[in-house]
$ cat upload_22.cif   # mmCIF, C-alpha atoms and all ligand atoms
data_entry
#
loop_
_atom_site.label_atom_id
_atom_site.label_comp_id
_atom_site.auth_asym_id
_atom_site.auth_seq_id
_atom_site.Cartn_x
_atom_site.Cartn_y
_atom_site.Cartn_z
CA MET A 1 -9.98 -13.90 5.06
CA SER A 2 -8.40 -10.61 6.02
CA LEU A 3 -5.76 -8.53 4.29
CA VAL A 4 -3.18 -6.40 6.13
CA ILE A 5 -1.44 -3.92 3.83
CA GLY A 6 1.90 -2.32 4.71
CA LEU A 7 1.91 1.13 3.13
CA THR A 8 5.33 2.73 2.81
CA GLY A 9 7.49 4.96 0.66
CA GLY A 10 10.05 7.71 1.08
CA ILE A 11 9.71 10.93 3.00
CA ALA A 12 7.15 13.11 1.15
CA SER A 13 6.56 10.45 -1.52
CA GLY A 14 2.81 10.55 -0.88
CA LYS A 15 2.06 7.95 1.82
CA SER A 16 -0.35 10.21 3.70
CA THR A 17 -2.05 11.17 0.45
CA VAL A 18 -2.64 7.48 -0.35
CA ALA A 19 -3.54 6.72 3.30
CA LYS A 20 -6.34 9.28 3.02
CA MET A 21 -7.66 7.47 -0.06
CA PHE A 22 -7.90 4.25 1.99
CA ALA A 23 -9.62 6.12 4.83
CA ASP A 24 -12.11 7.67 2.37
CA LEU A 25 -13.03 4.09 1.40
CA ASP A 26 -13.65 3.33 5.11
CA ILE A 27 -10.56 1.11 5.31
CA PRO A 28 -8.85 1.69 8.69
CA VAL A 29 -5.31 3.09 8.62
CA ILE A 30 -2.85 2.85 11.51
CA ASP A 31 -0.23 5.60 11.14
CA ALA A 32 3.24 4.90 12.59
CA ASP A 33 4.12 8.62 12.65
CA VAL A 34 1.08 9.35 14.84
CA ILE A 35 1.97 6.48 17.19
CA ALA A 36 5.62 7.61 17.27
CA ARG A 37 4.31 10.97 18.51
CA GLU A 38 2.06 9.39 21.15
CA VAL A 39 4.79 7.22 22.68
CA VAL A 40 7.02 10.21 23.48
CA GLU A 41 4.35 12.35 25.11
CA PRO A 42 5.25 13.46 28.65
CA GLY A 43 4.50 10.62 31.08
CA GLU A 44 5.18 7.82 28.59
CA ALA A 45 8.11 5.46 29.22
CA SER A 46 9.86 6.41 25.97
CA TYR A 47 9.65 10.14 26.83
CA LYS A 48 11.86 9.66 29.85
CA GLN A 49 14.36 7.58 27.88
CA VAL A 50 14.56 10.20 25.12
CA VAL A 51 15.18 12.98 27.66
CA ASP A 52 17.81 10.86 29.45
CA VAL A 53 19.71 10.40 26.19
CA PHE A 54 19.21 13.79 24.48
CA GLY A 55 19.00 16.08 27.52
CA ASN A 56 16.66 18.87 28.60
CA GLU A 57 17.73 21.05 25.68
CA ILE A 58 15.36 19.15 23.36
CA LEU A 59 12.37 20.13 25.53
CA LYS A 60 9.97 23.02 25.00
CA GLU A 61 8.94 25.23 27.93
CA ASP A 62 5.84 23.12 28.59
CA GLY A 63 8.04 19.99 28.97
CA SER A 64 7.01 18.37 25.69
CA ILE A 65 9.60 17.37 23.09
CA ASP A 66 10.62 20.05 20.59
CA ARG A 67 10.25 17.91 17.45
CA PRO A 68 11.91 20.22 14.91
CA LYS A 69 14.88 20.50 17.28
CA LEU A 70 15.16 16.74 17.80
CA GLY A 71 14.76 16.30 14.03
CA SER A 72 17.63 18.69 13.32
CA ILE A 73 19.84 16.55 15.60
CA ILE A 74 18.91 13.09 14.37
CA PHE A 75 18.55 13.67 10.62
CA SER A 76 22.14 14.90 10.34
CA ASN A 77 23.72 12.29 12.66
CA GLU A 78 23.35 8.57 12.04
CA GLU A 79 24.53 7.52 15.50
CA LYS A 80 22.00 9.77 17.25
CA ARG A 81 19.26 8.63 14.88
CA GLU A 82 20.03 5.01 15.75
CA GLN A 83 19.84 5.87 19.47
CA LEU A 84 16.42 7.46 19.02
CA ASN A 85 15.22 4.55 16.88
CA GLN A 86 16.24 2.06 19.55
CA ILE A 87 14.07 3.84 22.10
CA VAL A 88 11.04 4.67 19.97
CA HIS A 89 10.71 1.76 17.52
CA PRO A 90 9.97 -1.09 19.97
CA ALA A 91 7.23 1.02 21.60
CA VAL A 92 5.74 1.90 18.20
CA ARG A 93 5.85 -1.72 17.04
CA LYS A 94 4.06 -2.94 20.15
CA ARG A 95 1.27 -0.37 19.90
CA MET A 96 0.77 -0.94 16.16
CA LEU A 97 0.50 -4.68 16.63
CA LYS A 98 -2.15 -4.19 19.31
CA LYS A 99 -4.18 -1.77 17.14
CA LYS A 100 -4.00 -4.16 14.19
CA GLU A 101 -5.24 -7.07 16.32
CA ASP A 102 -8.05 -4.87 17.68
CA TYR A 103 -9.30 -3.99 14.19
CA LEU A 104 -9.13 -7.60 13.01
CA SER A 105 -10.98 -8.87 16.06
CA GLN A 106 -13.68 -6.25 15.40
CA GLY A 107 -14.18 -8.01 12.06
CA GLU A 108 -12.40 -5.56 9.71
CA LYS A 109 -11.51 -7.35 6.48
CA CYS A 110 -8.76 -4.97 5.39
CA VAL A 111 -6.39 -2.90 7.57
CA VAL A 112 -3.57 -0.59 6.46
CA LEU A 113 -0.37 -0.03 8.42
CA ASP A 114 1.25 3.22 7.25
CA ILE A 115 4.92 2.74 8.22
CA PRO A 116 7.61 4.99 6.69
CA LEU A 117 10.38 2.66 7.90
CA LEU A 118 8.64 -0.65 7.05
CA PHE A 119 11.71 -2.07 5.27
CA GLU A 120 14.46 -0.34 7.30
CA GLY A 121 12.80 -1.52 10.53
CA LYS A 122 12.31 -5.07 9.18
CA LEU A 123 8.60 -4.86 9.96
CA THR A 124 7.24 -6.67 6.92
CA PHE A 125 6.31 -9.63 9.13
CA LEU A 126 3.42 -7.47 10.42
CA VAL A 127 1.69 -7.35 7.01
CA ASP A 128 0.44 -9.59 4.17
CA GLN A 129 1.21 -7.26 1.25
CA THR A 130 3.68 -4.37 0.92
CA LEU A 131 2.72 -1.29 -1.09
CA VAL A 132 5.26 1.43 -1.94
CA VAL A 133 4.25 4.94 -2.98
CA PHE A 134 6.97 5.93 -5.44
CA VAL A 135 8.18 9.26 -6.85
CA ASP A 136 11.41 10.12 -8.64
CA GLU A 137 14.19 11.90 -6.72
CA LYS A 138 13.56 15.31 -8.25
CA THR A 139 9.85 15.29 -7.39
CA GLN A 140 10.55 14.01 -3.87
CA LEU A 141 13.04 16.80 -3.15
CA LYS A 142 10.73 19.47 -4.58
CA ARG A 143 7.64 18.30 -2.65
CA LEU A 144 9.60 17.92 0.61
CA MET A 145 11.20 21.37 0.36
CA GLU A 146 7.80 22.94 -0.37
CA ARG A 147 5.81 21.08 2.27
CA ASN A 148 8.28 21.46 5.17
CA GLN A 149 9.85 24.75 4.10
CA LEU A 150 13.31 23.15 4.13
CA SER A 151 16.52 24.15 2.35
CA LYS A 152 17.85 21.79 -0.31
CA GLU A 153 20.50 20.56 2.14
CA GLU A 154 18.05 19.88 4.98
CA ALA A 155 15.67 18.08 2.64
CA THR A 156 18.53 15.98 1.20
CA ASP A 157 19.64 14.97 4.73
CA ARG A 158 16.15 13.65 5.43
CA ILE A 159 15.91 11.78 2.14
CA THR A 160 19.33 10.12 2.58
CA SER A 161 18.51 9.05 6.15
CA GLN A 162 16.19 6.43 4.61
CA MET A 163 16.70 3.48 2.27
CA PRO A 164 16.67 4.76 -1.36
CA LEU A 165 13.08 4.81 -2.62
CA ILE A 166 14.00 2.88 -5.76
CA GLU A 167 15.28 0.07 -3.53
CA LYS A 168 12.00 0.06 -1.57
CA ALA A 169 10.08 -0.16 -4.86
CA SER A 170 12.12 -3.20 -5.85
CA LEU A 171 11.32 -4.91 -2.53
CA ALA A 172 7.58 -4.15 -2.67
CA ASP A 173 4.78 -6.46 -3.70
CA GLU A 174 3.03 -3.50 -5.38
CA VAL A 175 4.01 0.06 -6.33
CA ILE A 176 1.90 3.18 -6.91
CA ASP A 177 3.63 5.71 -9.16
CA ASN A 178 2.78 9.09 -7.57
CA ASN A 179 4.75 11.30 -9.96
CA GLN A 180 1.61 12.34 -11.78
CA SER A 181 -1.70 13.70 -10.51
CA ILE A 182 -3.44 12.55 -7.33
CA GLU A 183 -6.33 11.31 -9.51
CA LYS A 184 -3.96 9.02 -11.42
CA SER A 185 -2.63 7.59 -8.16
CA LYS A 186 -6.18 7.02 -6.94
CA LYS A 187 -6.97 5.05 -10.10
CA GLN A 188 -3.90 2.83 -9.48
CA LEU A 189 -5.06 2.22 -5.90
CA LEU A 190 -8.61 1.31 -6.96
CA ASP A 191 -7.24 -1.15 -9.54
CA LEU A 192 -5.10 -2.78 -6.86
CA LEU A 193 -7.98 -3.06 -4.40
CA LYS A 194 -10.02 -4.77 -7.12
CA LYS A 195 -7.16 -7.18 -7.76
CA TRP A 196 -6.97 -7.94 -4.03
CA GLU A 197 -10.80 -8.33 -4.03
CA VAL A 198 -11.18 -5.70 -1.30
CA ILE A 199 -13.64 -3.79 -3.51
CA GLU A 200 -15.65 -4.83 -6.56
C1 LIG B 301 12.78 13.19 14.75
C2 LIG B 301 11.30 13.50 15.00
C3 LIG B 301 11.10 13.97 16.43
C4 LIG B 301 10.90 14.66 14.04
O1 LIG B 301 9.53 14.90 14.20
P1 LIG B 301 8.63 15.63 13.08
O2 LIG B 301 7.31 15.89 13.71
O3 LIG B 301 9.40 16.81 12.54
O4 LIG B 301 8.50 14.61 11.86
P2 LIG B 301 7.54 13.29 11.73
O5 LIG B 301 7.58 12.49 12.97
O6 LIG B 301 6.21 13.72 11.23
O7 LIG B 301 8.31 12.44 10.62
C5 LIG B 301 8.31 12.85 9.25
C6 LIG B 301 8.97 11.79 8.39
O8 LIG B 301 10.38 11.71 8.70
C7 LIG B 301 10.83 10.39 8.45
N1 LIG B 301 11.48 9.88 9.67
C8 LIG B 301 11.09 10.05 10.95
N2 LIG B 301 11.92 9.44 11.79
C9 LIG B 301 12.87 8.86 11.02
C10 LIG B 301 14.01 8.06 11.32
N3 LIG B 301 14.31 7.75 12.59
N4 LIG B 301 14.77 7.63 10.29
C11 LIG B 301 14.45 7.94 9.01
N5 LIG B 301 13.38 8.68 8.67
C12 LIG B 301 12.60 9.13 9.66
C13 LIG B 301 9.59 9.57 8.10
O9 LIG B 301 9.46 9.48 6.69
C14 LIG B 301 8.44 10.38 8.62
O10 LIG B 301 7.26 10.16 7.91
C15 LIG B 301 10.40 12.27 14.70
O11 LIG B 301 10.41 11.98 13.34
C16 LIG B 301 10.79 11.00 15.48
O12 LIG B 301 10.52 10.91 16.65
N6 LIG B 301 11.43 10.02 14.79
C17 LIG B 301 11.80 8.78 15.40
C18 LIG B 301 10.69 7.78 15.31
C19 LIG B 301 10.52 7.25 13.93
O13 LIG B 301 11.37 6.50 13.42
N7 LIG B 301 9.41 7.58 13.28
C20 LIG B 301 9.13 7.11 11.95
C21 LIG B 301 8.13 6.01 11.90
S1 LIG B 301 8.11 4.83 13.20
N1 LIG B 302 0.34 13.36 -6.92
C1 LIG B 302 0.68 14.50 -6.29
N2 LIG B 302 0.78 15.66 -6.97
C2 LIG B 302 1.14 16.82 -6.36
N3 LIG B 302 1.44 16.92 -5.03
C3 LIG B 302 1.37 15.79 -4.31
C4 LIG B 302 0.98 14.52 -4.87
N4 LIG B 302 1.00 13.59 -3.91
C5 LIG B 302 1.39 14.22 -2.77
N5 LIG B 302 1.61 15.54 -3.00
C6 LIG B 302 2.07 16.55 -2.03
O1 LIG B 302 3.40 16.19 -1.68
C7 LIG B 302 3.65 16.37 -0.28
C8 LIG B 302 4.04 15.02 0.33
O2 LIG B 302 2.93 14.13 0.34
P1 LIG B 302 2.53 13.31 1.67
O3 LIG B 302 2.45 14.25 2.81
O4 LIG B 302 1.34 12.50 1.32
O5 LIG B 302 3.83 12.40 1.79
P2 LIG B 302 4.27 11.34 2.90
O6 LIG B 302 4.92 10.24 2.16
O7 LIG B 302 3.11 11.01 3.77
O8 LIG B 302 5.34 12.15 3.72
P3 LIG B 302 6.04 11.84 5.18
O9 LIG B 302 6.91 10.64 5.02
O10 LIG B 302 6.88 13.02 5.43
O11 LIG B 302 4.95 11.68 6.17
C9 LIG B 302 2.38 16.95 0.30
O12 LIG B 302 2.51 18.34 0.36
C10 LIG B 302 1.30 16.53 -0.71
O13 LIG B 302 0.22 17.42 -0.73
#
$ encode --input "upload_22.cif" --output "structure tokens" --more "lines below"
Ligand SMILES: CC(C)(COP(=O)(O)OP(=O)(O)OC[C@H]1O[C@@H](n2cnc3c(N)ncnc32)[C@H](O)[C@@H]1O)[C@@H](O)C(=O)NCCC(=O)NCCS
Ligand SMILES: Nc1ncnc2c1ncn2[C@@H]1O[C@H](COP(=O)(O)OP(=O)(O)OP(=O)(O)O)[C@@H](O)[C@H]1O
Amino acid sequence: MSLVIGLTGGIASGKSTVAKMFADLDIPVIDADVIAREVVEPGEASYKQVVDVFGNEILKEDGSIDRPKLGSIIFSNEEKREQLNQIVHPAVRKRMLKKKEDYLSQGEKCVVLDIPLLFEGKLTFLVDQTLVVFVDEKTQLKRLMERNQLSKEEATDRITSQMPLIEKASLADEVIDNNQSIEKSKKQLLDLLKKWEVIE
């Protein structure tokens, strides 16, 4: 029996922090953000489509995509965001599915898919259990502004471009409350893994 866990949350809610805890336990993690970066590297099919839609002005001198620039366009404009999603998401989905199958066929008993837009992208069919990393709105805004050096307005744009975190928590099979210390979140994760019989 294998278990595929869909790890999600809001922007800066602590997904990567929890993903690292899984990795430290030698449980493989497939990160949608990393794959979303790979599929728009120069030479990839999605790269050309993104440039066709958004123009050369989103490129850096070396021809690669200027991510902060593209971010400033899509996080403040729903229509543009939808256009980018329609190009990038199918490519990400395909590559994640392949990686998941690879791990399972290598005999891994537990695999984590770290997908920020698991619910928005209707991707729950890829996983057996959904796990949301939750923080309250105030903590989310503070951590996002600090980590990405964003103004309150920029950070709010990014937060509101996703489904409200409280709604994700209500849809999830399990929730980790990451408002407190990292140690406390780790304890919640270990308890869950025991419940799922992934560890003893
Ligand atoms: C706009 C881009 C270029 C900005 O790149 P940047 O390196 O600054 O940010 P990064 O990719 O690390 O994303 C940071 C976080 O933003 C959030 N986010 C990213 N894209 C989106 C989106 N389309 N809608 C809502 N939230 C998003 C996620 O929580 C993600 O973890 C990039 O996020 C992107 O290509 N987005 C489209 C693909 C996508 O949806 N990725 C998310 C997972 S598949
Ligand atoms: N329990 C915690 N206490 C204090 N700081 C924390 C805690 N958990 C995470 N952080 C910090 O908050 C920020 C966001 O965490 P993290 O990068 O794990 O979020 P994320 O959900 O992966 O974000 P994104 O969606 O943008 O990829 C980071 O700077 C991280 O170090």
$ residues_around --input "upload_22.cif" --residues "Ile30 (chain A)" --least-positions-apart "4" --cutoff "10 Å" --atoms "all atoms listed in the file" --output "PyMOL selection string"
chain A and resi 6-7+19+34-35+95-97+99-100+103+111-115
$ write_last_selection --input "upload_22.cif" --atoms "C-alpha atoms" --output "tab-separated table (two decimals), in the coordinates of the input"
chain	number	residue	atom	x	y	z
A	6	GLY	CA	1.90	-2.32	4.71
A	7	LEU	CA	1.91	1.13	3.13
A	19	ALA	CA	-3.54	6.72	3.30
A	34	VAL	CA	1.08	9.35	14.84
A	35	ILE	CA	1.97	6.48	17.19
A	95	ARG	CA	1.27	-0.37	19.90
A	96	MET	CA	0.77	-0.94	16.16
A	97	LEU	CA	0.50	-4.68	16.63
A	99	LYS	CA	-4.18	-1.77	17.14
A	100	LYS	CA	-4.00	-4.16	14.19
A	103	TYR	CA	-9.30	-3.99	14.19
A	111	VAL	CA	-6.39	-2.90	7.57
A	112	VAL	CA	-3.57	-0.59	6.46
A	113	LEU	CA	-0.37	-0.03	8.42
A	114	ASP	CA	1.25	3.22	7.25
A	115	ILE	CA	4.92	2.74	8.22
$ residues_around --input "upload_22.cif" --residues "Met145 (chain A)" --least-positions-apart "6" --cutoff "9 Å" --atoms "all atoms listed in the file" --output "PDB file with C-alpha atoms, in the frame of the given file"
ATOM      1  CA  SER A 151      16.520  24.150   2.350  1.00  0.00           C
ATOM      2  CA  LYS A 152      17.850  21.790  -0.310  1.00  0.00           C
ATOM      3  CA  GLU A 154      18.050  19.880   4.980  1.00  0.00           C
ATOM      4  CA  ALA A 155      15.670  18.080   2.640  1.00  0.00           C
TER       5      ALA A 155
END
$ axis_aligned_box --input "upload_22.cif" --around "ligand LIG 301 (chain B)" --padding-each-side "5 Å" --output "AutoDock Vina command-line options"
--center_x 10.5 --center_y 10.8 --center_z 11.7 --size_x 18.6 --size_y 22.0 --size_z 20.0
$ residues_around --input "upload_22.cif" --residues "Ala45 (chain A)" --least-positions-apart "6" --cutoff "10 Å" --atoms "all atoms listed in the file" --output "VMD selection string"
chain A and resid 39 87 to 88 91
$ atom_distance --input "upload_22.cif" --atom1 "CA of Val133 (chain A)" --atom2 "atom C4 of ligand LIG 301 (chain B)"
20.7 Å
